[in-house]
Amino acid sequence: AIELRPDHPRAWLSRGTLYEVHLRRNDEAVADYSKVIELDPDGLWGRWAYLRRGALYWAMKQWDNAAADWSKQVEHSPGNWIHRNK
């Protein structure tokens, strides 16, 4: 999909998730999530990429990077149910 449509953020997000979850190739996952953010910084896919990349940074103990990504994600979707206080 990336070869056919390199400008499609969903393809990069899918591959990033594959790298992160199934192959444990964190550097490649971060690169793919970063590409999604480059292509769709304010859209749905960009918001998902900030969320996923933040979680990956957290798992990699890169706290500042995780906090920055999650802050960006909240900024772009403040009404999202994930961010509501209970």
# chains A, B, ... in the order shown; residues from 1 in each chain; ligands from 1
call {"tool": "residues_around", "arguments": {"residues": "Ser34 of chain A", "least_positions_apart": "2", "cutoff": "12 Å", "atoms": "only C-alpha atoms", "output": "PyMOL selection string"}}
result
chain A and resi 9+12-13+15-16+27-32+36-41+45-54+56+69
call {"tool": "write_last_selection", "arguments": {"atoms": "N, CA, C and O atoms", "output": "compact mmCIF listing (two decimals), in the first residue's frame"}}
result
# COMPACT_ATOMS: atom_id res chain seq x y z
N PRO A 9 -1.77 8.33 4.81
CA PRO A 9 -1.31 8.13 6.19
C PRO A 9 -1.75 6.82 6.83
O PRO A 9 -1.03 6.26 7.65
N TRP A 12 0.83 4.06 6.41
CA TRP A 12 1.99 4.22 7.30
C TRP A 12 1.61 3.86 8.73
O TRP A 12 2.41 3.24 9.46
N LEU A 13 0.40 4.23 9.16
CA LEU A 13 -0.05 3.90 10.51
C LEU A 13 -0.15 2.38 10.68
O LEU A 13 0.28 1.83 11.70
N ARG A 15 1.47 0.02 9.01
CA ARG A 15 2.80 -0.59 9.07
C ARG A 15 3.49 -0.27 10.39
O ARG A 15 4.15 -1.13 10.98
N GLY A 16 3.32 0.95 10.88
CA GLY A 16 3.90 1.30 12.18
C GLY A 16 3.38 0.41 13.29
O GLY A 16 4.13 -0.04 14.15
N ASP A 27 12.20 1.38 16.42
CA ASP A 27 12.71 2.50 15.62
C ASP A 27 11.93 2.66 14.32
O ASP A 27 11.61 3.79 13.92
N GLU A 28 11.61 1.55 13.68
CA GLU A 28 10.83 1.61 12.45
C GLU A 28 9.40 2.09 12.73
O GLU A 28 8.83 2.85 11.95
N ALA A 29 8.84 1.66 13.86
CA ALA A 29 7.49 2.09 14.23
C ALA A 29 7.46 3.59 14.47
O ALA A 29 6.57 4.29 13.98
N VAL A 30 8.44 4.11 15.20
CA VAL A 30 8.51 5.55 15.45
C VAL A 30 8.62 6.30 14.12
O VAL A 30 7.95 7.32 13.92
N ALA A 31 9.44 5.81 13.21
CA ALA A 31 9.59 6.47 11.90
C ALA A 31 8.28 6.49 11.13
O ALA A 31 7.92 7.51 10.53
N ASP A 32 7.55 5.38 11.15
CA ASP A 32 6.27 5.33 10.42
C ASP A 32 5.22 6.22 11.07
O ASP A 32 4.48 6.92 10.39
N VAL A 36 3.19 9.51 9.46
CA VAL A 36 1.75 9.76 9.53
C VAL A 36 1.49 11.19 10.01
O VAL A 36 0.68 11.91 9.43
N ILE A 37 2.21 11.59 11.04
CA ILE A 37 2.04 12.93 11.60
C ILE A 37 2.44 13.98 10.57
O ILE A 37 1.79 15.02 10.44
N GLU A 38 3.48 13.72 9.82
CA GLU A 38 3.90 14.63 8.74
C GLU A 38 2.79 14.77 7.69
O GLU A 38 2.51 15.87 7.22
N LEU A 39 2.16 13.65 7.33
CA LEU A 39 1.14 13.66 6.28
C LEU A 39 -0.22 14.19 6.75
O LEU A 39 -0.96 14.77 5.96
N ASP A 40 -0.55 13.96 8.02
CA ASP A 40 -1.90 14.28 8.51
C ASP A 40 -1.84 14.80 9.95
O ASP A 40 -2.42 14.20 10.85
N PRO A 41 -1.13 15.90 10.20
CA PRO A 41 -0.89 16.34 11.57
C PRO A 41 -2.15 16.69 12.36
O PRO A 41 -2.19 16.49 13.57
N TRP A 45 -5.85 10.35 11.37
CA TRP A 45 -4.69 9.45 11.37
C TRP A 45 -3.53 10.06 12.15
O TRP A 45 -2.81 9.36 12.86
N GLY A 46 -3.35 11.36 12.03
CA GLY A 46 -2.31 12.03 12.81
C GLY A 46 -2.55 11.92 14.31
O GLY A 46 -1.63 11.68 15.09
N ARG A 47 -3.82 12.07 14.70
CA ARG A 47 -4.15 11.94 16.13
C ARG A 47 -3.85 10.53 16.63
O ARG A 47 -3.31 10.34 17.71
N TRP A 48 -4.19 9.53 15.82
CA TRP A 48 -3.87 8.15 16.21
C TRP A 48 -2.37 7.94 16.29
O TRP A 48 -1.87 7.23 17.18
N ALA A 49 -1.63 8.54 15.36
CA ALA A 49 -0.17 8.38 15.36
C ALA A 49 0.45 9.02 16.60
O ALA A 49 1.37 8.45 17.20
N TYR A 50 -0.06 10.20 17.01
CA TYR A 50 0.44 10.80 18.25
C TYR A 50 0.18 9.88 19.44
O TYR A 50 1.04 9.70 20.31
N LEU A 51 -1.00 9.29 19.48
CA LEU A 51 -1.36 8.39 20.57
C LEU A 51 -0.46 7.16 20.59
O LEU A 51 0.11 6.79 21.63
N ARG A 52 -0.31 6.52 19.43
CA ARG A 52 0.50 5.29 19.35
C ARG A 52 1.98 5.58 19.60
O ARG A 52 2.66 4.84 20.30
N ARG A 53 2.49 6.66 18.98
CA ARG A 53 3.91 6.98 19.17
C ARG A 53 4.19 7.34 20.62
O ARG A 53 5.22 6.96 21.19
N GLY A 54 3.24 8.04 21.25
CA GLY A 54 3.39 8.36 22.67
C GLY A 54 3.46 7.10 23.52
O GLY A 54 4.28 6.99 24.43
N LEU A 56 4.43 4.19 22.54
CA LEU A 56 5.70 3.52 22.24
C LEU A 56 6.85 4.21 22.96
O LEU A 56 7.71 3.56 23.54
N ASP A 69 3.95 13.93 22.83
CA ASP A 69 3.00 13.35 21.86
C ASP A 69 1.60 13.30 22.42
O ASP A 69 0.63 13.62 21.72
call {"tool": "closest_residue", "arguments": {"among": "A:Lys72, A:His22, A:Arg10, A:Lys61", "to": "Lys35 of chain A", "atoms": "only C-alpha atoms"}}
result
A:Arg10
call {"tool": "select_by_dssp", "arguments": {"residues": "chain A", "states": "helix (DSSP H, G or I)", "output": "ChimeraX atom specification"}}
result
/A:9-23,26-39,44-59,63-76,81-83
call {"tool": "residues_around", "arguments": {"residues": "Ile2 of chain A", "least_positions_apart": "3", "cutoff": "8 Å", "atoms": "only C-alpha atoms", "output": "count of residues only"}}
result
6
